[in-house]
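**Q** Structure supplied as data-v1.txt; contents: compact mmCIF, C-alpha atoms.
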# COMPACT_ATOMS: atom_id res chain seq x y z
CA VAL A 1 18.34 28.93 -252.52
CA GLY A 2 15.91 29.95 -255.19
CA THR A 3 18.13 29.54 -258.25
CA ALA A 4 15.41 27.82 -260.27
CA ALA A 5 13.06 30.69 -259.47
CA ALA A 6 15.82 33.15 -260.31
CA ALA A 7 16.26 31.44 -263.67
CA ALA A 8 12.53 31.83 -264.22
CA GLY A 9 12.77 35.51 -263.31
CA THR A 10 10.84 35.33 -260.03
CA ALA A 11 11.83 35.64 -256.40
CA ALA A 12 12.13 32.37 -254.50
CA PRO A 13 10.07 32.08 -251.30
CA CYS A 14 11.88 28.93 -250.11
CA ARG A 15 14.26 26.11 -251.03
CA CYS A 16 13.02 23.79 -253.75
CA PHE A 17 12.52 20.08 -253.04
CA ALA A 18 11.02 17.36 -255.22
CA ASN A 19 8.95 14.26 -254.50
CA CYS A 20 9.14 11.29 -256.84
CA LYS A 21 5.70 10.40 -258.22
CA VAL A 22 6.84 7.82 -260.83
CA GLY A 23 10.31 6.36 -261.16
CA PRO A 24 12.55 3.32 -261.03
CA ASP A 25 13.29 3.63 -257.29
CA ARG A 26 10.37 1.85 -255.64
CA GLU A 27 11.59 2.99 -252.19
CA ASP A 28 11.37 6.72 -252.99
CA CYS A 29 8.71 6.83 -255.69
CA ASP A 30 4.96 6.45 -255.32
CA ARG A 31 4.90 3.99 -258.23
CA GLY A 32 7.25 2.43 -260.78
CA PRO A 33 7.39 3.19 -264.50
CA SER A 34 5.45 1.13 -267.01
CA PRO A 35 7.64 -1.50 -268.65
CA GLY A 36 8.54 -0.70 -272.24
CA TRP A 37 10.73 -1.59 -275.18
CA SER A 38 14.44 -1.04 -274.80
CA GLY A 39 15.83 -2.90 -277.82
CA ALA A 40 18.62 -4.16 -275.55
CA SER A 41 20.02 -0.62 -275.49
CA VAL A 42 20.70 1.54 -272.48
CA THR A 43 17.60 3.65 -271.82
CA ARG A 44 16.37 6.11 -269.24
CA PRO A 45 13.27 5.05 -267.28
CA MET A 46 10.37 7.45 -267.15
CA GLN A 47 10.33 9.69 -264.09
CA GLU A 48 7.82 12.22 -262.78
CA TRP A 49 8.62 14.59 -259.94
CA ARG A 50 6.50 17.15 -258.11
CA ALA A 51 8.20 20.26 -256.77
CA THR A 52 7.47 21.28 -253.19
CA CYS A 53 8.51 24.22 -251.08
CA GLY A 54 10.85 23.58 -248.14
CA HIS A 55 10.54 19.77 -247.82
CA GLY A 56 10.52 16.63 -249.93
CA ASP A 57 12.42 13.54 -251.08
CA ARG A 58 15.21 15.41 -252.88
CA GLU A 59 16.76 18.85 -252.48
CA CYS A 60 16.48 20.14 -256.05
CA ARG A 61 19.65 22.17 -256.36
CA THR A 62 22.06 19.45 -255.24
CA GLU A 63 20.20 16.28 -256.25
CA CYS A 64 18.10 17.14 -259.30
CA LEU A 65 20.11 19.59 -261.38
CA SER A 66 23.13 18.67 -263.48
CA ASP A 67 26.54 20.13 -262.70
CA ASP A 68 26.42 22.00 -266.03
CA PHE A 69 23.06 23.60 -265.23
CA ARG A 70 24.10 24.52 -261.68
CA GLY A 71 27.31 26.04 -263.08
CA ALA A 72 25.32 28.12 -265.57
CA ILE A 73 22.99 29.36 -262.80
CA ASP A 74 25.94 30.17 -260.49
CA LYS A 75 27.59 32.12 -263.32
CA CYS A 76 24.39 34.10 -263.94
CA GLU A 77 23.98 34.96 -260.26
CA LYS A 78 27.43 36.62 -260.37
CA ASP A 79 27.04 38.11 -263.87
CA ALA A 80 26.98 41.87 -264.39
CA ASP A 81 23.63 41.48 -266.20
CA PRO A 82 21.94 38.43 -264.63
CA GLU A 83 18.68 38.97 -266.50
CA VAL A 84 20.37 38.57 -269.90
CA CYS A 85 22.42 35.63 -268.61
CA PHE A 86 19.31 33.81 -267.29
CA ALA A 87 17.56 34.45 -270.62
CA GLU A 88 20.46 32.75 -272.41
CA VAL A 89 20.30 29.77 -270.03
CA ARG A 90 16.54 29.54 -270.55
CA GLU A 91 17.06 29.60 -274.34
CA THR A 92 19.65 26.82 -274.08
CA TYR A 93 17.46 24.50 -272.00
CA MET A 94 14.02 25.35 -273.43
CA PRO A 95 14.16 22.83 -276.34
CA MET A 96 14.64 20.04 -273.78
CA MET A 97 11.71 21.26 -271.72
CA ALA A 98 9.47 21.62 -274.78
CA ASN A 99 9.87 17.87 -275.39
CA ARG A 100 9.08 16.77 -271.83
CA ARG A 101 5.62 15.37 -272.44
CA PRO A 102 5.19 15.12 -276.18
CA LEU A 103 7.04 12.09 -277.42
CA VAL A 104 10.04 12.35 -279.67
CA TYR A 105 10.35 9.77 -282.46
CA CYS A 106 13.84 8.46 -283.13
CA THR A 107 15.62 5.96 -285.30
CA THR A 108 19.08 4.83 -286.21
CA ARG A 109 20.36 3.36 -289.45
CA ARG A 110 20.27 -0.10 -287.84
CA LEU A 111 16.59 0.11 -286.84
CA SER A 112 14.00 -0.79 -289.45
CA THR A 113 11.40 1.50 -287.87
CA CYS A 114 11.06 4.44 -285.48
CA ASP A 115 10.51 4.31 -281.74
CA SER A 116 9.05 6.84 -279.35
CA PHE A 117 10.88 8.27 -276.37
CA GLN A 118 10.04 10.77 -273.66
CA VAL A 119 13.67 11.83 -273.49
CA THR A 120 15.80 12.30 -276.58
CA PRO A 121 18.43 9.52 -276.67
CA THR A 122 22.03 10.60 -276.37
CA ASN A 123 24.30 9.92 -279.31
CA THR A 124 26.85 7.89 -277.39
CA SER A 125 27.03 4.60 -279.28
CA GLU A 126 24.69 5.20 -282.21
CA ALA A 127 23.75 8.26 -284.23
CA TRP A 128 20.11 8.78 -283.29
CA ARG A 129 17.99 10.91 -285.58
CA CYS A 130 14.92 12.30 -283.82
CA PHE A 131 11.75 13.97 -285.07
CA SER A 132 8.75 15.64 -283.48
CA ASN A 133 6.26 13.27 -285.11
CA PHE A 134 6.18 9.67 -286.28
CA GLU A 135 5.48 10.51 -289.93
CA GLU A 136 8.66 12.57 -290.30
CA CYS A 137 10.70 9.80 -288.71
CA TRP A 138 9.07 7.07 -290.79
CA ALA A 139 9.72 9.03 -294.00
CA THR A 140 13.46 8.51 -293.39
CA LYS A 141 12.95 4.73 -293.35
CA VAL A 142 10.93 4.43 -296.56
CA PRO A 143 12.98 4.29 -299.78
CA SER A 144 12.95 7.69 -301.46
CA THR A 145 12.15 6.20 -304.87
CA TYR A 146 10.25 3.12 -305.84
CA GLU A 147 10.62 1.60 -309.27
CA PRO A 148 8.45 -1.42 -309.97
CA ARG A 149 10.20 -4.30 -311.67
CA GLU A 150 9.02 -5.34 -315.09
CA GLN A 151 7.24 -8.66 -314.90
CA GLU A 152 6.31 -11.00 -317.68
CA LYS A 153 2.62 -10.66 -318.41
CA LEU A 154 0.88 -13.96 -318.98
CA SER A 155 -2.70 -14.26 -320.09
CA VAL A 156 -4.99 -17.21 -319.60
CA TRP A 157 -6.92 -16.17 -322.71
CA GLU A 158 -3.85 -16.32 -324.97
CA SER A 159 -3.34 -19.99 -324.14
CA VAL A 160 -6.98 -20.73 -325.01
CA MET A 161 -6.88 -18.71 -328.23
CA ASP A 162 -3.77 -20.53 -329.52
CA ARG A 163 -5.49 -23.95 -329.50
CA PRO A 164 -6.81 -25.36 -332.75
CA VAL A 165 -10.56 -25.78 -332.82
Using structure tokens, write down the structure from this file.
**A**
Amino acid sequence: VGTAAAAAGTAAPCRCFANCKVGPDREDCDRGPSPGWSGASVTRPMQEWRATCGHGDRECRTECLSDDFRGAIDKCEKDADPEVCFAEVRETYMPMMANRRPLVYCTTRRLSTCDSFQVTPTNTSEAWRCFSNFEECWATKVPSTYEPREQEKLSVWESVMDRPV
């Protein structure tokens, strides 16, 4: 009870639940995600959840949080200095939360361009390289140097000037 609030440094008034606003499960969610590009790769569909106090579709602690995160929270609750421990957990997970809404732009060596994601892809089968904006990502796809090839220069006027009059 209240571990998410404890991690945030506040007292929890009740157990946290979440209601699915957008997600792939049409039974539990108010609406489905917009279809998008997957490039035939495994992707994670967009989800939006709204936290509620005491009731909802999912009990947050058991159904929404990863085992790793729950383990970190449990450890902090028993730690001699829980405030420092929770600060470390917050520092670990904050980069993921900072990228929740702004898109992250990623590419692999096999892609000819960059694609946008709401969740950073995991590096399971391909080494994804991700950037906070499209320009930074695209700069990795453009050749670093460009050397124009020498071309033979032909002139229409030279052919006219070479003719006897």
**Q** Mind pulling up the distance from atom CA of A:Val22 to atom CA of A:Cys137?
**A** 28.2 Å
**Q** Up to 10 Å from (12.8, 10.9, -264.5) in the file's coordinates: name the residues, counting all atoms listed in the file, as a list in words.
**A**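 Using all atoms listed in the file, the matching residues come out as Cys20, Lys21, Val22, Gly23, Pro24, Pro33, Arg44, Pro45, Met46, Gln47, Glu48, Trp49, Cys64, Gln118 and Val119 of chain A.
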**Q** For each of A:Thr140, A:Asn19, A:Ser155, A:Thr92, take the minimum atom-to-atom distance to A:Ala51, counting only C-alpha atoms, then give the residue where this is smallest.
**A**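 Looking only at the distances to A:Ala51, the closest residue turns out to be A:Asn19.
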**Q** Between atom CA of A:Asn133 and atom CA of A:Tyr105, what is the distance, to one decimal in Å?
**A** 6.0 Å
**Q** One decimal, Å: what's the distance from atom CA of A:Asp25 over to atom CA of A:Arg70, could you say?
**A**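 Between atom CA of A:Asp25 and atom CA of A:Arg70 the gap is 23.9 Å.
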